[in-house]
Amino acid sequence: MLKKLGEWIYENKVKTFLIWLAAIIVVGGGAIGLGSHFSQNLTISGVPSTNIQSTLEREFHQNPNSGTLKVVVQNQKGITDDQTKADVAKAISKAQDKYGSDIKTIANPYTNNTISSDNTTTYVDITFKANSTSVAHSTITGIRSIFDDRVKTSGTKVAYTGTVQLKPFEIGGPSEIIGVVIAFVLLLVLFRSFITAGMPIVSALVGLITGLFLVIIGTNFATLANVAETLSVMLALAVGIDYALFILNRYRTDLAETNGNQKVALGSALSEAGKSVIFAGVTVIIAVCGLSFAGIEFVTTMGFAAAVAVAIAVLSALTFLPALIAACAKFIRPNTKTVDHMAKNPSKFTKFLTGHPWTVVIVAVLVLVGIGLPAQNMRLGMPYNGSLPEKQTERQAYDMISDKFGEGINSPLIAVVKLDTDKSAAVNEANVAKIASHLNSLSGTKTLSPLSVDQQKAATLQTQLTQEAQQKMALQAQTTGQMPTQAQKDQAAAQIKQVIMEQATKPYQISADGKYAMLVVIPKKGSEAVETTNLVHKIQNYSDNTTKSKYNAKITLTGVNAVNLDITKKLNNATPIFVFTIIVLAFILLMVVFRSFIVPAVAMAGFGLSLLASFGFTTLVIQEGFLKEFFGVAKAAPVLSFLPIIVTAILFGLAMDYEVFMVSRAREEYLKTGDNDRAVTVAMQDSGPIVVTAALIMIAVFGSFALNPSPTIKSLALALAFGIFFDAFIIRLLFVPAMLKIFGKANWVFPGNKN
């Protein structure tokens, strides 16, 4: 079928181009018409921290998915002067007037008294009516422009953070351009022809654009994290170039063997290399779709988005590339090296490998195990703004707030207490007060946010303090002969409000029906700190061991920290099952494809070693900060909790690509000659250079994305680049061929085989 497809495309290249053009126009129009709705929030359901969010919305009218924007204002000389107050008030008023239909609440910090103790920093909290993914970017940029124009000066800094997407969605960028340029240079070295080197690039870009448009359309029907877009682009570009490279190289070989018959050579190349491309692509697709085993929405949709991108990349390599080859056939030179020449004239490297296979295997294993040792100290966490580059506004806002209000205010814990409805309201409130007192006393807690007011106490304080202030100002007027200014009156009113906030507010809120209470715990440290994780566990243990038995009240935590821990826990439980499943399925699949027991066993052992090394080196760079300046890591932080399972899936698929291309060539030669040593030599000489080029291209693509300032994308890109390097250059080009040499004809022993 593939042979016939190749020959048909050769005769109908114009039709093939037109079909692709029509497809791009249709999906491109759909993507532009529907728009992009990627989310920057990593959501999960089916865990306590997210299940309780519906209760928060119902009982306390708080939608945890609402878009939020925090405007941080800082001036080292102070922000409590009349001018700054007026500027902030005018900005708030203008934002409310212009975007009031989009804004649910906007808080004046001078009214709410959210001023740092040194009077240098404050922040304006804006909550939108729509969810974070649906807030129009024009609204966000418009509000930012208002505050920049009204508040920002040479001495006053303004920075922004929140759950809304502060940057517009972009297709293409420096990462893609750098990756493509490096890939083109590598292909130029291999093919020594500008036109031939450009073909895999063009084919990959056509597949990338089409696949990306489909993913964008998908954001209108499913929630996709914005990292899914970058992951899809990385994969589509990398595998698209590699798959096209394998088919194009095979065409050059078949062109020589068919004495220049372009049509036959194209059909033959597609029937031979095309099968390997389909198998490799399907392996990657199955691996990333297998991420659904985790049972976590953003991981599952990320896998499906990547699968769509890879599927279109395969389709482009099998259809658009052959049309491109047919159109530019006169520029493609045949491969001049025959199989006999490769077998009789191996390189020094191949001679050493086949001559000292045990040395190669032992060194490869020791190197990978040594690199993988840091993985035993891996700490998992979720992305946070504190690890962003310092020039980004989210990082600046994070640092300003952390410095003046404490790191924990960036990621508060929301404790929802389910009360005993058989008890009276007074008893329940007394119990909640005791719970609040205990939570406030825990070592990792900085404070509890005030959530409600004791109206009677507040009224009494208001009367008492107002009288005292009036008496003080009257006495001052008698002494100085001057009436108090408006600024003095405002200052006195602010001081009265601050005392009321400190003495008459409660650190909890009880729902109208009396069934639930809510407390907001501000940790001392940020979401990435061990102390914050320990605080979450302390509160959970307090609920399990004390509040349930003593008050018949259960505490459920939500908020960034609680959700992150639940995600990490669920991923930790799912990852071993996922890894075991894909390894077993891959073993069976490779066993059937290669009709061998040893080949799949060696492949799986090699994959395990390269995966270990990838995790070890990633931990060393991202978590421990090793060479962080070289790799552009802004701040050492825990490894992303979803990185192990995603990297496992993708590396597995890509590792099997190289396994198939290398071993299938050895098996093909063995079936022809029955000579295992010759088969290993030919595979190294024929497929080795292509695997090297393909791996370098993939490393270049992934490595170029490591230039992205996002710690999420950087971590994934670095882990994948490290993984490809270890797997391609140490496992597939050293360990696997050496093991094939060691086992000899036993590699191909299988029921039904003739040996």
# chains A, B, ... in the order shown; residues from 1 in each chain; ligands from 1
>>> residues_around(residues="Phe702 of chain A", least_positions_apart="6", cutoff="9 Å", atoms="only C-alpha atoms", output="VMD selection string")
chain A and resid 175 179 234 to 235 238 716 to 721
>>> residues_around(residues="Ala746 of chain A", least_positions_apart="2", cutoff="9 Å", atoms="only C-alpha atoms", output="VMD selection string")
chain A and resid 596 to 598 740 743 to 744 748 to 750 755
>>> residues_around(residues="His341 of chain A", least_positions_apart="2", cutoff="12 Å", atoms="only C-alpha atoms", output="ChimeraX atom specification")
/A:335-339,343-347,678,681-682,685-686
>>> select_by_dssp(residues="segment 619-674 of chain A", states="helix (DSSP H, G or I)", output="ChimeraX atom specification")
/A:619-623,628-631,643-673
>>> write_last_selection(atoms="N, CA, C and O atoms", output="short mmCIF file (atom, residue, chain, number, x, y, z; two decimals), in the first residue's frame")
data_model
loop_
_atom_site.label_atom_id
_atom_site.label_comp_id
_atom_site.auth_asym_id
_atom_site.auth_seq_id
_atom_site.Cartn_x
_atom_site.Cartn_y
_atom_site.Cartn_z
N THR A 619 17.68 16.70 37.68
CA THR A 619 17.67 17.04 39.11
C THR A 619 18.87 17.89 39.47
O THR A 619 18.77 18.88 40.21
N LEU A 620 20.02 17.52 38.94
CA LEU A 620 21.26 18.23 39.23
C LEU A 620 21.18 19.69 38.75
O LEU A 620 21.61 20.61 39.46
N VAL A 621 20.60 19.91 37.56
CA VAL A 621 20.55 21.25 36.98
C VAL A 621 19.41 22.08 37.56
O VAL A 621 19.60 23.20 38.03
N ILE A 622 18.19 21.53 37.53
CA ILE A 622 16.99 22.29 37.91
C ILE A 622 16.88 22.44 39.42
O ILE A 622 16.61 23.53 39.93
N GLN A 623 17.10 21.36 40.15
CA GLN A 623 16.89 21.39 41.61
C GLN A 623 18.12 21.85 42.36
O GLN A 623 18.03 22.66 43.29
N LYS A 628 23.60 26.29 36.44
CA LYS A 628 22.32 26.94 36.14
C LYS A 628 22.50 28.18 35.27
O LYS A 628 21.63 28.50 34.46
N GLU A 629 23.63 28.89 35.42
CA GLU A 629 23.86 30.06 34.56
C GLU A 629 24.03 29.63 33.11
O GLU A 629 23.52 30.27 32.19
N PHE A 630 24.73 28.52 32.91
CA PHE A 630 24.96 28.02 31.54
C PHE A 630 23.65 27.62 30.88
O PHE A 630 23.42 27.90 29.70
N PHE A 631 22.78 26.96 31.64
CA PHE A 631 21.51 26.50 31.09
C PHE A 631 20.39 27.54 31.23
O PHE A 631 19.26 27.28 30.82
N LEU A 643 6.79 16.27 35.37
CA LEU A 643 7.89 16.04 34.43
C LEU A 643 8.24 14.56 34.27
O LEU A 643 8.40 14.10 33.14
N PRO A 644 8.37 13.79 35.37
CA PRO A 644 8.77 12.38 35.19
C PRO A 644 7.84 11.59 34.27
O PRO A 644 8.31 10.87 33.38
N ILE A 645 6.52 11.74 34.45
CA ILE A 645 5.61 10.92 33.65
C ILE A 645 5.58 11.38 32.19
O ILE A 645 5.52 10.56 31.27
N ILE A 646 5.64 12.70 31.96
CA ILE A 646 5.61 13.21 30.58
C ILE A 646 6.92 12.88 29.87
O ILE A 646 6.92 12.42 28.72
N VAL A 647 8.04 13.08 30.54
CA VAL A 647 9.34 12.77 29.93
C VAL A 647 9.46 11.28 29.67
O VAL A 647 10.00 10.85 28.64
N THR A 648 8.96 10.46 30.59
CA THR A 648 8.98 9.01 30.38
C THR A 648 8.24 8.64 29.11
O THR A 648 8.73 7.86 28.28
N ALA A 649 7.03 9.20 28.94
CA ALA A 649 6.22 8.88 27.77
C ALA A 649 6.90 9.29 26.47
O ALA A 649 7.01 8.50 25.52
N ILE A 650 7.38 10.53 26.44
CA ILE A 650 7.97 11.05 25.20
C ILE A 650 9.31 10.38 24.89
O ILE A 650 9.56 9.97 23.75
N LEU A 651 10.17 10.25 25.90
CA LEU A 651 11.46 9.61 25.68
C LEU A 651 11.29 8.16 25.25
O LEU A 651 12.04 7.65 24.41
N PHE A 652 10.29 7.50 25.84
CA PHE A 652 10.05 6.11 25.44
C PHE A 652 9.73 6.04 23.95
O PHE A 652 10.30 5.23 23.21
N GLY A 653 8.80 6.89 23.51
CA GLY A 653 8.42 6.87 22.10
C GLY A 653 9.59 7.18 21.20
O GLY A 653 9.82 6.50 20.19
N LEU A 654 10.38 8.20 21.54
CA LEU A 654 11.50 8.60 20.70
C LEU A 654 12.64 7.57 20.75
O LEU A 654 13.30 7.31 19.74
N ALA A 655 12.86 6.97 21.93
CA ALA A 655 13.90 5.94 22.05
C ALA A 655 13.56 4.74 21.18
O ALA A 655 14.44 4.14 20.55
N MET A 656 12.27 4.39 21.13
CA MET A 656 11.87 3.27 20.29
C MET A 656 12.03 3.60 18.81
O MET A 656 12.25 2.71 17.99
N ASP A 657 11.92 4.91 18.46
CA ASP A 657 12.20 5.31 17.07
C ASP A 657 13.60 4.89 16.67
O ASP A 657 13.81 4.23 15.65
N TYR A 658 14.58 5.29 17.48
CA TYR A 658 15.97 4.98 17.16
C TYR A 658 16.24 3.48 17.24
O TYR A 658 17.04 2.94 16.48
N GLU A 659 15.57 2.82 18.18
CA GLU A 659 15.70 1.36 18.28
C GLU A 659 15.24 0.69 16.99
O GLU A 659 15.91 -0.19 16.44
N VAL A 660 14.10 1.14 16.50
CA VAL A 660 13.53 0.54 15.28
C VAL A 660 14.44 0.81 14.08
O VAL A 660 14.76 -0.10 13.31
N PHE A 661 14.88 2.06 13.92
CA PHE A 661 15.70 2.39 12.75
C PHE A 661 17.05 1.68 12.77
O PHE A 661 17.57 1.29 11.73
N MET A 662 17.61 1.49 13.95
CA MET A 662 18.91 0.83 14.05
C MET A 662 18.76 -0.69 13.93
O MET A 662 19.42 -1.34 13.11
N VAL A 663 17.90 -1.29 14.74
CA VAL A 663 17.80 -2.75 14.80
C VAL A 663 17.13 -3.32 13.56
O VAL A 663 17.48 -4.42 13.10
N SER A 664 16.15 -2.60 12.99
CA SER A 664 15.49 -3.12 11.79
C SER A 664 16.50 -3.24 10.65
O SER A 664 16.41 -4.17 9.83
N ARG A 665 17.47 -2.30 10.61
CA ARG A 665 18.50 -2.39 9.56
C ARG A 665 19.38 -3.61 9.80
O ARG A 665 19.76 -4.32 8.85
N ALA A 666 19.72 -3.89 11.07
CA ALA A 666 20.53 -5.07 11.39
C ALA A 666 19.76 -6.35 11.06
O ALA A 666 20.32 -7.30 10.49
N ARG A 667 18.48 -6.37 11.40
CA ARG A 667 17.67 -7.58 11.15
C ARG A 667 17.51 -7.81 9.64
O ARG A 667 17.57 -8.95 9.16
N GLU A 668 17.30 -6.72 8.90
CA GLU A 668 17.16 -6.82 7.45
C GLU A 668 18.40 -7.47 6.83
O GLU A 668 18.30 -8.36 5.98
N GLU A 669 19.58 -7.03 7.29
CA GLU A 669 20.82 -7.58 6.75
C GLU A 669 21.04 -9.02 7.23
O GLU A 669 21.53 -9.87 6.47
N TYR A 670 20.66 -9.32 8.47
CA TYR A 670 20.84 -10.68 8.99
C TYR A 670 19.97 -11.67 8.22
O TYR A 670 20.39 -12.79 7.92
N LEU A 671 18.73 -11.25 7.92
CA LEU A 671 17.83 -12.14 7.17
C LEU A 671 18.38 -12.43 5.78
O LEU A 671 18.13 -13.50 5.21
N LYS A 672 19.12 -11.48 5.21
CA LYS A 672 19.68 -11.68 3.87
C LYS A 672 20.89 -12.59 3.88
O LYS A 672 21.09 -13.41 2.98
N THR A 673 21.74 -12.45 4.94
CA THR A 673 23.04 -13.13 4.93
C THR A 673 23.20 -14.18 6.02
O THR A 673 24.05 -15.07 5.89
#
>>> select_by_dssp(residues="segment 320-428 of chain A", states="strand (DSSP E or B)", output="number ranges by chain")
A: 380-381, 413-418
>>> residues_around(residues="Val185 of chain A", least_positions_apart="4", cutoff="12 Å", atoms="only C-alpha atoms", output="PyMOL selection string")
chain A and resi 178-181+189-194+196-198+200-201+693+696-697+700
>>> atom_distance(atom1="atom CA of Val206 of chain A", atom2="atom CA of Gly703 of chain A")
21.4 Å
>>> closest_residue(among="A:Ser154, A:Thr393, A:Ser443, A:Thr105", to="Lys524 of chain A", atoms="only C-alpha atoms")
A:Ser443
>>> atom_distance(atom1="atom CA of Ile216 of chain A", atom2="atom CA of Gly240 of chain A")
18.8 Å
>>> residues_around(residues="Glu528 of chain A", least_positions_apart="6", cutoff="12 Å", atoms="only C-alpha atoms", output="PyMOL selection string")
chain A and resi 379-387+407-408+410-411+534+560-562+564-565+623+635-641
>>> atom_distance(atom1="atom CA of Leu611 of chain A", atom2="atom CA of Pro576 of chain A")
13.2 Å
>>> residues_around(residues="Phe578 of chain A", least_positions_apart="2", cutoff="12 Å", atoms="only C-alpha atoms", output="list in words")
Ile286, Ala287, Val288, Cys289, Gly290, Leu291, Ser292, Phe293, Ala294, Gly295, Leu571, Asn572, Asn573, Ala574, Thr575, Pro576, Phe580, Thr581, Ile582, Ile583, Val584, Leu585, Pro644, Ile645, Ile646, Val647, Thr648, Ala649 and Phe652 of chain A
>>> write_last_selection(atoms="C-alpha atoms", output="compact mmCIF listing (two decimals), in the first residue's frame")
# COMPACT_ATOMS: atom_id res chain seq x y z
CA ILE A 286 0.54 5.44 22.08
CA ALA A 287 3.09 6.58 24.65
CA VAL A 288 1.73 10.13 24.96
CA CYS A 289 -1.90 8.96 24.89
CA GLY A 290 -0.92 6.58 27.68
CA LEU A 291 -0.53 9.66 29.88
CA SER A 292 -4.27 9.30 30.48
CA PHE A 293 -3.30 6.50 32.90
CA ALA A 294 -2.40 9.26 35.35
CA GLY A 295 -6.05 10.27 35.59
CA LEU A 571 1.31 11.49 39.79
CA ASN A 572 3.64 9.58 42.11
CA ASN A 573 1.02 6.84 42.39
CA ALA A 574 0.33 6.77 38.65
CA THR A 575 3.88 6.95 37.27
CA PRO A 576 5.11 3.45 38.29
CA PHE A 580 5.38 -0.73 33.92
CA THR A 581 2.48 -0.79 31.45
CA ILE A 582 4.31 0.82 28.54
CA ILE A 583 7.42 -1.31 29.12
CA VAL A 584 5.39 -4.52 29.06
CA LEU A 585 3.42 -3.44 25.98
CA PRO A 644 8.77 12.38 35.19
CA ILE A 645 5.61 10.92 33.65
CA ILE A 646 5.61 13.21 30.58
CA VAL A 647 9.34 12.77 29.93
CA THR A 648 8.98 9.01 30.38
CA ALA A 649 6.22 8.88 27.77
CA PHE A 652 10.05 6.11 25.44
>>> closest_residue(among="A:Tyr516, A:Phe38, A:Phe729, A:Phe735", to="Val416 of chain A", atoms="only C-alpha atoms")
A:Tyr516
>>> residues_around(residues="Gly355 of chain A", least_positions_apart="3", cutoff="12 Å", atoms="only C-alpha atoms", output="list in words")
Pro346, Lys348, Phe349, Thr350, Lys351, Phe352, Trp358, Thr359, Val360, Asp677, Val680, Thr681, Pro737, Ala738, Lys741 and Ile742 of chain A
>>> closest_residue(among="A:Ala477, A:Ile115, A:Ala415, A:Ile577", to="Thr55 of chain A", atoms="only C-alpha atoms")
A:Ala415
